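Listing of coords.cif, mmCIF, C-alpha atoms and all ligand atoms
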data_entry
loop_
_atom_site.label_atom_id
_atom_site.label_comp_id
_atom_site.auth_asym_id
_atom_site.auth_seq_id
_atom_site.Cartn_x
_atom_site.Cartn_y
_atom_site.Cartn_z
CA MET A 1 112.39 109.02 127.32
CA ASP A 2 114.11 110.35 124.22
CA PHE A 3 116.60 108.78 121.83
CA ILE A 4 119.11 111.55 121.09
CA VAL A 5 122.05 111.57 118.70
CA ASN A 6 125.25 113.58 118.58
CA ARG A 7 124.70 116.13 115.81
CA GLN A 8 128.38 115.98 114.85
CA ASN A 9 128.60 112.18 114.91
CA LEU A 10 125.43 110.35 113.93
CA ARG A 11 126.89 107.02 115.11
CA GLU A 12 126.68 108.21 118.71
CA GLY A 13 123.18 107.86 120.16
CA LYS A 14 121.85 107.50 123.70
CA PHE A 15 118.65 107.54 125.70
CA GLU A 16 117.76 110.35 128.01
CA SER A 17 114.95 110.32 130.57
CA LYS A 18 113.56 113.44 132.17
CA PRO A 19 110.48 114.29 134.22
CA THR A 20 107.44 115.07 132.06
CA PRO A 21 106.44 118.74 132.35
CA LYS A 22 102.90 119.69 133.36
CA LEU A 23 100.65 120.66 130.49
CA GLU A 24 99.59 124.24 129.99
CA ASP A 25 96.14 125.26 128.78
CA GLY A 26 95.77 124.54 125.05
CA GLN A 27 98.42 121.79 125.02
CA ALA A 28 98.16 118.03 124.62
CA ARG A 29 100.54 115.24 125.52
CA LEU A 30 100.95 112.53 122.87
CA ARG A 31 102.03 109.04 123.75
CA ILE A 32 104.08 107.81 120.80
CA LYS A 33 102.89 104.33 119.91
CA LYS A 34 105.15 103.38 117.01
CA PHE A 35 107.15 104.83 114.15
CA ALA A 36 108.98 103.81 110.97
CA PHE A 37 112.73 104.12 110.47
CA THR A 38 114.49 104.15 107.05
CA ALA A 39 117.48 105.85 105.41
CA ASN A 40 115.26 108.89 104.94
CA ASN A 41 115.43 109.50 108.70
CA VAL A 42 119.22 109.23 108.68
CA THR A 43 119.18 111.88 105.94
CA TYR A 44 117.16 114.17 108.24
CA GLY A 45 120.09 113.89 110.64
CA ALA A 46 122.77 114.23 107.96
CA VAL A 47 121.28 117.52 106.69
CA GLY A 48 119.81 118.54 110.04
CA GLU A 49 121.93 121.71 110.39
CA LEU A 50 121.48 122.74 106.77
CA ILE A 51 117.71 122.27 106.43
CA GLY A 52 116.67 122.74 110.05
CA TYR A 53 115.42 119.23 110.85
CA TRP A 54 116.87 119.49 114.39
CA ASN A 55 114.48 122.33 115.16
CA PHE A 56 111.29 120.25 115.22
CA PHE A 57 112.10 118.44 118.45
CA PRO A 58 114.77 120.28 120.45
CA ALA A 59 117.24 118.35 122.64
CA LEU A 60 120.33 118.96 124.78
CA GLU A 61 122.92 121.38 123.33
CA GLY A 62 124.89 119.57 120.58
CA TRP A 63 122.40 116.67 120.47
CA GLY A 64 119.30 116.15 118.35
CA ARG A 65 116.13 114.10 118.07
CA ILE A 66 115.73 112.66 114.59
CA PRO A 67 112.19 113.08 113.20
CA VAL A 68 110.21 109.98 112.23
CA TRP A 69 106.73 109.32 110.82
CA GLY A 70 104.48 107.52 113.24
CA VAL A 71 101.27 107.06 115.17
CA ALA A 72 100.56 108.58 118.59
CA ALA A 73 97.60 108.64 120.96
CA VAL A 74 96.49 111.65 122.99
CA ASP A 75 97.41 110.71 126.54
CA GLU A 76 96.38 113.92 128.26
CA SER A 77 94.64 116.95 126.80
CA ARG A 78 94.08 120.52 127.89
CA HIS A 79 92.67 121.41 124.49
CA PRO A 80 88.88 121.51 124.23
CA GLU A 81 88.72 120.02 120.70
CA LEU A 82 91.16 117.17 121.17
CA PRO A 83 89.90 114.35 123.36
CA GLU A 84 92.13 111.91 125.22
CA GLY A 85 92.55 108.58 123.42
CA GLU A 86 92.39 110.08 119.92
CA ARG A 87 94.99 108.60 117.54
CA LEU A 88 97.07 110.86 115.29
CA TYR A 89 99.49 110.24 112.40
CA GLY A 90 102.36 112.60 111.69
CA TYR A 91 105.89 113.78 112.34
CA LEU A 92 107.24 112.69 115.73
CA PRO A 93 110.51 112.40 117.62
CA MET A 94 112.10 109.06 118.59
CA SER A 95 110.65 109.42 122.07
CA THR A 96 107.93 108.09 124.31
CA ASP A 97 106.06 111.43 124.53
CA LEU A 98 105.57 114.72 122.75
CA ILE A 99 103.79 117.86 123.92
CA ILE A 100 101.99 119.70 121.12
CA GLU A 101 99.92 122.84 120.95
CA PRO A 102 97.03 121.96 118.63
CA GLY A 103 95.87 124.70 116.26
CA ASN A 104 93.66 124.82 113.12
CA VAL A 105 91.79 121.82 114.52
CA THR A 106 89.32 120.35 112.01
CA THR A 107 87.50 117.02 111.85
CA HIS A 108 90.36 115.62 109.82
CA GLY A 109 93.48 117.04 111.40
CA LEU A 110 95.35 119.70 113.29
CA THR A 111 98.62 121.63 113.26
CA ASP A 112 101.15 121.83 116.08
CA VAL A 113 101.41 125.61 116.43
CA SER A 114 104.14 125.51 119.11
CA ALA A 115 106.34 128.58 118.72
CA HIS A 116 109.56 126.63 117.99
CA ARG A 117 107.89 124.95 114.96
CA ALA A 118 106.29 128.07 113.48
CA ALA A 119 109.05 128.78 110.94
CA LEU A 120 109.28 125.16 109.76
CA PRO A 121 107.49 123.78 106.67
CA GLU A 122 103.77 123.45 107.35
CA VAL A 123 103.51 119.90 105.98
CA TYR A 124 105.67 118.57 108.83
CA ASN A 125 103.57 120.29 111.51
CA GLN A 126 100.27 118.74 110.45
CA TYR A 127 98.73 115.67 112.10
CA THR A 128 95.97 113.47 110.68
CA ARG A 129 93.10 112.44 112.98
CA LEU A 130 93.01 108.79 112.00
CA ALA A 131 89.50 107.94 113.18
CA ALA A 132 88.00 110.62 110.91
CA GLU A 133 89.88 109.57 107.79
CA PRO A 134 87.57 108.28 105.03
CA GLY A 135 88.16 104.55 104.51
CA TYR A 136 90.72 104.41 107.31
CA ASP A 137 92.17 100.91 107.69
CA ARG A 138 94.21 100.42 110.86
CA THR A 139 95.87 97.29 109.47
CA GLN A 140 97.71 99.51 106.96
CA ASP A 141 99.29 101.78 109.62
CA ASP A 142 102.73 100.15 109.42
CA ARG A 143 103.03 100.22 105.64
CA ARG A 144 101.77 103.78 105.60
CA MET A 145 104.36 104.95 108.16
CA ILE A 146 107.17 103.30 106.21
CA LEU A 147 106.15 104.01 102.65
CA ASN A 148 103.75 106.92 102.37
CA PRO A 149 106.13 109.86 102.99
CA LEU A 150 108.56 108.31 100.49
CA PHE A 151 105.86 107.44 97.97
CA MET A 152 104.49 111.00 98.04
CA THR A 153 107.90 112.34 97.01
CA ALA A 154 108.02 109.75 94.23
CA PHE A 155 104.53 110.78 93.12
CA LEU A 156 105.67 114.40 92.88
CA ILE A 157 108.87 113.56 90.97
CA ASP A 158 106.95 111.38 88.52
CA ASP A 159 104.48 114.19 87.98
CA PHE A 160 107.23 116.83 87.69
CA LEU A 161 109.06 114.80 85.02
CA ALA A 162 105.87 114.16 83.03
CA ASP A 163 104.93 117.82 83.39
CA ASN A 164 108.26 118.67 81.72
CA ASP A 165 107.97 116.02 78.99
CA PHE A 166 110.87 114.19 80.61
CA PHE A 167 113.13 116.98 79.34
CA GLY A 168 113.19 115.14 76.01
CA ALA A 169 114.53 111.93 77.56
CA LYS A 170 113.36 108.39 76.88
CA THR A 171 115.26 106.79 79.77
CA VAL A 172 115.19 107.51 83.51
CA VAL A 173 118.12 106.23 85.57
CA LEU A 174 117.50 105.94 89.32
CA LEU A 175 120.47 105.90 91.72
CA SER A 176 120.08 103.85 94.94
CA ALA A 177 117.41 101.87 93.11
CA SER A 178 116.73 99.55 96.06
CA SER A 179 115.58 102.43 98.28
CA LYS A 180 111.87 102.68 98.95
CA THR A 181 111.70 106.18 97.47
CA ALA A 182 113.39 104.94 94.29
CA PHE A 183 111.25 101.85 93.84
CA SER A 184 108.10 103.91 94.46
CA LEU A 185 109.18 106.15 91.59
CA ALA A 186 110.13 103.18 89.40
CA PHE A 187 106.66 101.75 90.02
CA LEU A 188 104.98 105.00 88.93
CA LEU A 189 107.25 105.49 85.90
CA SER A 190 106.77 101.92 84.72
CA ARG A 191 103.00 102.15 85.21
CA ASN A 192 102.37 105.56 83.72
CA ARG A 193 104.93 106.33 81.08
CA GLN A 194 106.56 105.31 77.88
CA CYS A 195 110.12 105.50 79.17
CA GLN A 196 112.79 102.98 80.02
CA VAL A 197 113.45 102.73 83.78
CA VAL A 198 117.00 101.78 84.78
CA GLY A 199 118.04 101.16 88.39
CA LEU A 200 121.60 101.59 89.67
CA THR A 201 122.35 99.82 92.94
CA SER A 202 125.01 98.06 95.00
CA GLN A 203 126.13 94.66 93.75
CA GLY A 204 124.52 93.02 96.79
CA ASN A 205 121.11 94.57 96.06
CA VAL A 206 120.94 93.75 92.33
CA SER A 207 118.78 90.65 92.74
CA PHE A 208 116.33 92.47 95.05
CA VAL A 209 115.92 95.29 92.50
CA GLU A 210 115.55 92.84 89.62
CA GLY A 211 112.89 90.94 91.57
CA LEU A 212 110.70 94.04 91.98
CA GLY A 213 109.77 93.93 88.31
CA CYS A 214 109.35 97.70 87.94
CA TYR A 215 112.82 98.41 86.51
CA ASP A 216 113.47 97.54 82.87
CA ARG A 217 117.12 97.07 83.67
CA THR A 218 119.26 96.85 86.81
CA VAL A 219 122.93 97.86 86.78
CA ALA A 220 125.46 97.60 89.62
CA TYR A 221 127.38 100.78 90.47
CA GLY A 222 130.55 99.11 89.20
CA ASP A 223 128.98 98.54 85.77
CA ILE A 224 127.97 102.13 84.96
CA GLY A 225 130.15 101.79 81.84
CA SER A 226 127.46 99.50 80.39
CA LEU A 227 124.83 102.30 80.24
CA PRO A 228 124.06 103.24 76.62
CA PRO A 229 125.87 106.57 76.25
CA THR A 230 123.65 108.15 73.62
CA ASP A 231 120.07 107.66 74.91
CA PRO A 232 118.64 110.99 76.14
CA THR A 233 118.39 110.37 79.88
CA VAL A 234 117.07 111.84 83.12
CA ILE A 235 119.04 110.92 86.25
CA VAL A 236 117.21 110.83 89.59
CA ASP A 237 119.66 110.54 92.45
CA MET A 238 118.58 109.08 95.81
CA ALA A 239 122.16 108.02 96.71
CA GLY A 240 123.91 111.40 96.96
CA ASN A 241 127.20 109.61 96.28
CA ALA A 242 129.50 112.07 94.46
CA THR A 243 131.62 109.31 92.89
CA VAL A 244 128.63 107.40 91.51
CA LEU A 245 126.91 110.53 90.23
CA ARG A 246 130.10 111.72 88.54
CA ALA A 247 130.58 108.31 86.91
CA ALA A 248 127.00 108.36 85.57
CA HIS A 249 127.42 111.90 84.17
CA GLU A 250 130.80 111.00 82.68
CA ARG A 251 129.36 107.96 80.97
CA LEU A 252 126.24 109.70 79.62
CA GLY A 253 127.69 113.17 78.97
CA ASP A 254 125.42 115.40 76.90
CA ALA A 255 122.77 112.66 76.89
CA VAL A 256 121.94 113.74 80.48
CA LYS A 257 119.01 116.06 79.80
CA TYR A 258 118.06 116.56 83.45
CA SER A 259 119.71 115.53 86.72
CA CYS A 260 117.50 115.54 89.79
CA GLN A 261 118.98 115.42 93.30
CA VAL A 262 116.57 113.87 95.76
CA GLY A 263 118.36 111.98 98.50
CA MET A 264 121.57 110.79 100.06
CA THR A 265 121.25 107.21 101.24
CA HIS A 266 125.08 107.12 100.85
CA TRP A 267 125.24 109.99 103.32
CA GLU A 268 128.98 109.73 103.96
CA GLU A 269 129.90 109.83 100.27
CA ARG A 270 128.65 113.33 99.54
CA GLY A 271 130.83 115.70 97.54
CA GLY A 272 130.92 118.51 95.01
CA VAL A 273 128.81 118.18 91.87
CA ASP A 274 130.31 121.09 89.95
CA GLY A 275 131.67 120.62 86.44
CA LEU A 276 129.78 117.43 85.62
CA ARG A 277 129.11 116.62 81.96
CA GLY A 278 125.52 117.00 80.79
CA ALA A 279 122.75 118.86 82.62
CA LYS A 280 123.74 120.40 85.95
CA PRO A 281 122.19 118.58 88.96
CA GLU A 282 119.23 120.40 90.47
CA PHE A 283 117.74 119.85 93.89
CA PHE A 284 114.16 118.56 93.85
CA PHE A 285 111.99 120.72 96.06
CA ALA A 286 108.78 118.76 96.59
CA PRO A 287 106.70 121.65 98.06
CA SER A 288 107.04 123.64 94.79
CA GLN A 289 105.42 120.84 92.80
CA VAL A 290 102.71 120.48 95.46
CA ASP A 291 101.96 124.21 95.22
CA LYS A 292 101.87 124.10 91.44
CA ARG A 293 99.50 121.12 91.33
CA ARG A 294 97.27 122.46 94.08
CA LYS A 295 96.81 125.52 91.87
CA ASP A 296 96.28 123.41 88.71
CA TRP A 297 94.05 120.72 90.20
CA GLY A 298 92.76 122.32 93.41
CA ALA A 299 93.52 120.81 96.82
CA ALA A 300 90.77 118.19 96.46
CA GLY A 301 91.99 117.20 92.98
CA PHE A 302 95.54 116.88 94.26
CA ASN A 303 94.45 114.73 97.20
CA GLN A 304 92.29 112.56 94.98
CA ARG A 305 95.05 111.88 92.43
CA SER A 306 97.74 111.19 95.02
CA ALA A 307 95.38 108.94 97.03
CA GLU A 308 94.49 106.97 93.91
CA ALA A 309 98.14 106.46 93.02
CA TRP A 310 98.92 105.45 96.63
CA GLY A 311 96.07 102.93 96.64
CA THR A 312 97.33 101.29 93.44
CA PHE A 313 100.88 101.20 94.76
CA LEU A 314 99.82 99.60 98.04
CA ALA A 315 97.74 96.97 96.32
CA GLU A 316 100.35 96.01 93.74
CA THR A 317 103.39 96.10 95.99
CA ASP A 318 101.93 94.08 98.83
CA GLY A 319 104.65 91.45 98.58
CA TRP A 320 107.59 93.85 98.26
CA LEU A 321 108.12 94.59 101.90
CA GLU A 322 108.52 92.49 105.01
CA ILE A 323 107.62 94.51 108.08
CA VAL A 324 109.88 93.95 111.07
CA HIS A 325 108.78 95.15 114.51
CA GLY A 326 111.18 96.20 117.27
CA ARG A 327 110.24 97.29 120.76
CA GLY A 328 112.27 98.97 123.49
CA PRO A 329 115.50 100.98 123.65
CA GLU A 330 117.86 98.21 122.55
CA ALA A 331 115.81 97.41 119.45
CA VAL A 332 115.53 101.10 118.56
CA GLN A 333 119.26 101.69 118.92
CA ALA A 334 120.12 98.55 116.92
CA VAL A 335 117.88 99.47 113.95
CA TYR A 336 119.11 103.07 114.10
CA LEU A 337 122.76 101.97 113.87
CA ASP A 338 122.07 99.35 111.19
CA THR A 339 120.37 102.03 109.08
CA VAL A 340 123.18 104.54 109.62
CA GLU A 341 125.69 101.88 108.55
CA GLY A 342 123.64 100.75 105.52
CA ARG A 343 123.17 97.23 106.92
CA VAL A 344 119.38 97.08 106.52
CA VAL A 345 118.09 94.56 103.99
CA PRO A 346 116.11 96.50 101.32
CA SER A 347 113.20 94.03 101.44
CA GLN A 348 112.56 94.96 105.09
CA GLY A 349 110.83 97.94 106.64
CA HIS A 350 111.27 98.64 110.35
CA ILE A 351 108.54 99.69 112.75
CA LEU A 352 109.80 100.66 116.19
CA SER A 353 108.28 101.48 119.54
CA LEU A 354 109.65 102.78 122.84
CA GLU A 355 106.50 101.89 124.78
N1 LIG B 1 113.95 115.41 98.99
C1 LIG B 1 112.87 114.81 99.46
O1 LIG B 1 111.82 115.41 99.55
C2 LIG B 1 112.94 113.35 99.86
C3 LIG B 1 111.77 112.67 100.22
C4 LIG B 1 111.83 111.30 100.48
C5 LIG B 1 113.07 110.65 100.47
N2 LIG B 1 114.18 111.37 100.16
C6 LIG B 1 115.49 110.73 100.22
O2 LIG B 1 115.58 109.54 99.44
C7 LIG B 1 116.54 108.67 100.04
C8 LIG B 1 115.93 107.29 100.17
O3 LIG B 1 115.25 107.15 101.40
P1 LIG B 1 114.48 105.79 101.76
O4 LIG B 1 113.97 105.94 103.13
O5 LIG B 1 113.61 105.45 100.63
O6 LIG B 1 115.71 104.75 101.81
P2 LIG B 1 115.73 103.19 102.19
O7 LIG B 1 114.59 102.49 101.58
O8 LIG B 1 115.97 103.03 103.64
O9 LIG B 1 117.05 102.84 101.39
C9 LIG B 1 117.79 101.70 101.57
C10 LIG B 1 118.87 101.64 100.49
O10 LIG B 1 119.70 102.80 100.54
C11 LIG B 1 121.08 102.44 100.33
N3 LIG B 1 121.74 102.70 101.62
C12 LIG B 1 121.12 102.92 102.79
N4 LIG B 1 122.01 103.25 103.76
C13 LIG B 1 123.20 103.25 103.17
C14 LIG B 1 124.52 103.51 103.66
N5 LIG B 1 124.75 103.87 104.93
N6 LIG B 1 125.52 103.39 102.80
C15 LIG B 1 125.29 103.03 101.51
N7 LIG B 1 124.05 102.79 101.00
C16 LIG B 1 123.04 102.89 101.83
C17 LIG B 1 121.03 101.01 99.88
O11 LIG B 1 120.66 101.07 98.49
P3 LIG B 1 121.58 100.93 97.18
O12 LIG B 1 122.45 99.74 97.38
O13 LIG B 1 120.54 100.70 96.10
O14 LIG B 1 122.31 102.22 97.02
C18 LIG B 1 119.83 100.49 100.66
O15 LIG B 1 119.27 99.32 100.12
C19 LIG B 1 116.93 109.30 101.38
O16 LIG B 1 118.17 109.97 101.29
C20 LIG B 1 115.81 110.26 101.62
O17 LIG B 1 116.14 111.34 102.46
C21 LIG B 1 114.14 112.69 99.87
#
Is it possible to give me this structure as structure tokens?
Amino acid sequence: MDFIVNRQNLREGKFESKPTPKLEDGQARLRIKKFAFTANNVTYGAVGELIGYWNFFPALEGWGRIPVWGVAAVDESRHPELPEGERLYGYLPMSTDLIIEPGNVTTHGLTDVSAHRAALPEVYNQYTRLAAEPGYDRTQDDRRMILNPLFMTAFLIDDFLADNDFFGAKTVVLLSASSKTAFSLAFLLSRNRQCQVVGLTSQGNVSFVEGLGCYDRTVAYGDIGSLPPTDPTVIVDMAGNATVLRAAHERLGDAVKYSCQVGMTHWEERGGVDGLRGAKPEFFFAPSQVDKRRKDWGAAGFNQRSAEAWGTFLAETDGWLEIVHGRGPEAVQAVYLDTVEGRVVPSQGHILSLE
């Protein structure tokens, strides 16, 4: 069974059941156990045509399967190195099953080398073999599915800004400050650096953001006029809301030393960003920073530093997130629609299952 959405209208979603095809030699069938769902997944749908996110898990013409991060177990295997029962972590569809073609199989992981995924970014085609992971703790699966992909982006942005001496800025302003990607970055900035961290958020999320303790100041979108207009500032935008971004650039003008476009939690409020005052917004491309640091630090050095940062984050942010579990088609559809509509409480993280 698959949850599929209309690619032209993300509010329209439905379930589709079809007979499971027989496996061919070299393939494995994964049983999808559970997955996380946040605004990040809605963004995959919102930019699906542009960036190619619909191509990972093909669906009926005009419909798409939104990718999610989750855990699956090998249900049936015709691959000699992948035994049945093995649990994997990685990029999955909102479905009950997925057929993969394992390649580059090592003790620690494998790549789905299916032809339709070959042209897509490597990082999304890789699966971790959980049992072989050093220090693997199954009780952290849910937090990892929700937070780790978002935290890794935050880790890379934090490193990119430090690597560029914050472009001369002393303040970093984060838009959509209540999002998990934003508060991961605020955590790293507040822990590592000598800069002021300001969060911009909706009026209704101000108290949540204030309560996190990793922002020096929290400002509602309607109060952008209270930002100090002369402090050299970096803007990091997770909201993708053209009106909010324009207001921030207008207020700060030439004080905007760098403007980093990361997300679009406000996916229906996108718009042109030409002609803004201050530095021109630039899209953050995480893989470039990964490549750079893998060269600088080596792959092992990169993994060690990111794992250390992740461990500290997990330990210190234990109380930040209430995990909410939902099982079955109705629960999946309800969380999907709530996330599309922006109705999810920022203190909650959703783990879903179609089993
Ligand atoms: N480029 C990359 O590599 C990369 C990697 C990771 C994440 N991202 C992006 O970063 C963004 C954050 O993702 P996340 O999963 O961390 O988000 P999240 O935790 O699910 O974000 C929830 C927050 O987003 C805002 N929001 C969500 N839906 C909304 C809606 N429909 N209308 C208005 N506001 C809405 C609200 O915050 P406020 O009230 O504070 O605005 C809400 O509290 C996503 O766009 C994601 O794609 C990009």
Exercise answer, 7 Å around ligand LIG 1 (chain B) with all atoms listed in the file, as a CSV table (one decimal) with C-alpha atoms, in the frame of the given file:
chain,number,residue,atom,x,y,z
A,38,THR,CA,114.5,104.2,107.0
A,39,ALA,CA,117.5,105.8,105.4
A,40,ASN,CA,115.3,108.9,104.9
A,41,ASN,CA,115.4,109.5,108.7
A,43,THR,CA,119.2,111.9,105.9
A,44,TYR,CA,117.2,114.2,108.2
A,149,PRO,CA,106.1,109.9,103.0
A,150,LEU,CA,108.6,108.3,100.5
A,153,THR,CA,107.9,112.3,97.0
A,175,LEU,CA,120.5,105.9,91.7
A,176,SER,CA,120.1,103.8,94.9
A,177,ALA,CA,117.4,101.9,93.1
A,178,SER,CA,116.7,99.6,96.1
A,179,SER,CA,115.6,102.4,98.3
A,180,LYS,CA,111.9,102.7,99.0
A,181,THR,CA,111.7,106.2,97.5
A,182,ALA,CA,113.4,104.9,94.3
A,200,LEU,CA,121.6,101.6,89.7
A,201,THR,CA,122.4,99.8,92.9
A,202,SER,CA,125.0,98.1,95.0
A,205,ASN,CA,121.1,94.6,96.1
A,238,MET,CA,118.6,109.1,95.8
A,239,ALA,CA,122.2,108.0,96.7
A,262,VAL,CA,116.6,113.9,95.8
A,263,GLY,CA,118.4,112.0,98.5
A,264,MET,CA,121.6,110.8,100.1
A,265,THR,CA,121.2,107.2,101.2
A,266,HIS,CA,125.1,107.1,100.8
A,267,TRP,CA,125.2,110.0,103.3
A,284,PHE,CA,114.2,118.6,93.8
A,285,PHE,CA,112.0,120.7,96.1
A,286,ALA,CA,108.8,118.8,96.6
A,339,THR,CA,120.4,102.0,109.1
A,340,VAL,CA,123.2,104.5,109.6
A,341,GLU,CA,125.7,101.9,108.6
A,342,GLY,CA,123.6,100.8,105.5
A,343,ARG,CA,123.2,97.2,106.9
A,344,VAL,CA,119.4,97.1,106.5
A,345,VAL,CA,118.1,94.6,104.0
A,346,PRO,CA,116.1,96.5,101.3
List as a CSV table (one decimal) with C-alpha atoms, keeping the file's coordinate frame the protein and nucleic acid residues near Leu212 in chain A, meaning an atom at most 10 Å away when all atoms listed in the file are counted, but skip any in the same chain fewer than 3 places from it.
chain,number,residue,atom,x,y,z
A,178,SER,CA,116.7,99.6,96.1
A,183,PHE,CA,111.2,101.8,93.8
A,186,ALA,CA,110.1,103.2,89.4
A,187,PHE,CA,106.7,101.8,90.0
A,207,SER,CA,118.8,90.6,92.7
A,208,PHE,CA,116.3,92.5,95.0
A,209,VAL,CA,115.9,95.3,92.5
A,215,TYR,CA,112.8,98.4,86.5
A,317,THR,CA,103.4,96.1,96.0
A,319,GLY,CA,104.6,91.4,98.6
A,320,TRP,CA,107.6,93.8,98.3
A,347,SER,CA,113.2,94.0,101.4
Counting only C-alpha atoms, what is within 8 Å of range 8-20 of chain A, bar same-chain residues fewer than 4 positions away, as a list in words? Met1, Asp2, Phe3, Ile4, Gly45, Ala46, Gly62, Pro329, Gln333, Leu337 and Val340 of chain A
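The space between CA of Asp75 in chain A and CA of Leu30 in chain A spans 5.4 Å.
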Find the spatial neighbours of Lys257 in chain A, counting all atoms listed in the file, within a cut-off of 9 Å - ignore same-chain residues fewer than 2 positions away - and output them as a PDB file with C-alpha atoms, in the coordinates of the input.
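Generated output (selection-v8.pdb):
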ATOM      1  CA  PHE A 166     110.870 114.190  80.610  1.00  0.00           C
ATOM      2  CA  PHE A 167     113.130 116.980  79.340  1.00  0.00           C
ATOM      3  CA  GLY A 168     113.190 115.140  76.010  1.00  0.00           C
ATOM      4  CA  ALA A 169     114.530 111.930  77.560  1.00  0.00           C
ATOM      5  CA  PRO A 232     118.640 110.990  76.140  1.00  0.00           C
ATOM      6  CA  THR A 233     118.390 110.370  79.880  1.00  0.00           C
ATOM      7  CA  VAL A 234     117.070 111.840  83.120  1.00  0.00           C
ATOM      8  CA  ILE A 235     119.040 110.920  86.250  1.00  0.00           C
ATOM      9  CA  ASP A 254     125.420 115.400  76.900  1.00  0.00           C
ATOM     10  CA  ALA A 255     122.770 112.660  76.890  1.00  0.00           C
ATOM     11  CA  SER A 259     119.710 115.530  86.720  1.00  0.00           C
ATOM     12  CA  GLY A 278     125.520 117.000  80.790  1.00  0.00           C
ATOM     13  CA  ALA A 279     122.750 118.860  82.620  1.00  0.00           C
ATOM     14  CA  LYS A 280     123.740 120.400  85.950  1.00  0.00           C
TER      15      LYS A 280
END
Suppose you want the space between CA of Gln348 in chain A and CA of Trp69 in chain A; what is it in Å? 16.5 Å
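The shortest atom-to-atom distance to Asn148 in chain A, with all atoms listed in the file taken into account, belongs to A:Ala36 out of A:Ala36, A:Arg65, A:Arg87, A:Pro287.
The shortest atom-to-atom distance to Phe160 in chain A, with all atoms listed in the file taken into account, belongs to A:Val236 out of A:Val105, A:Ala59, A:Val236, A:Val198.
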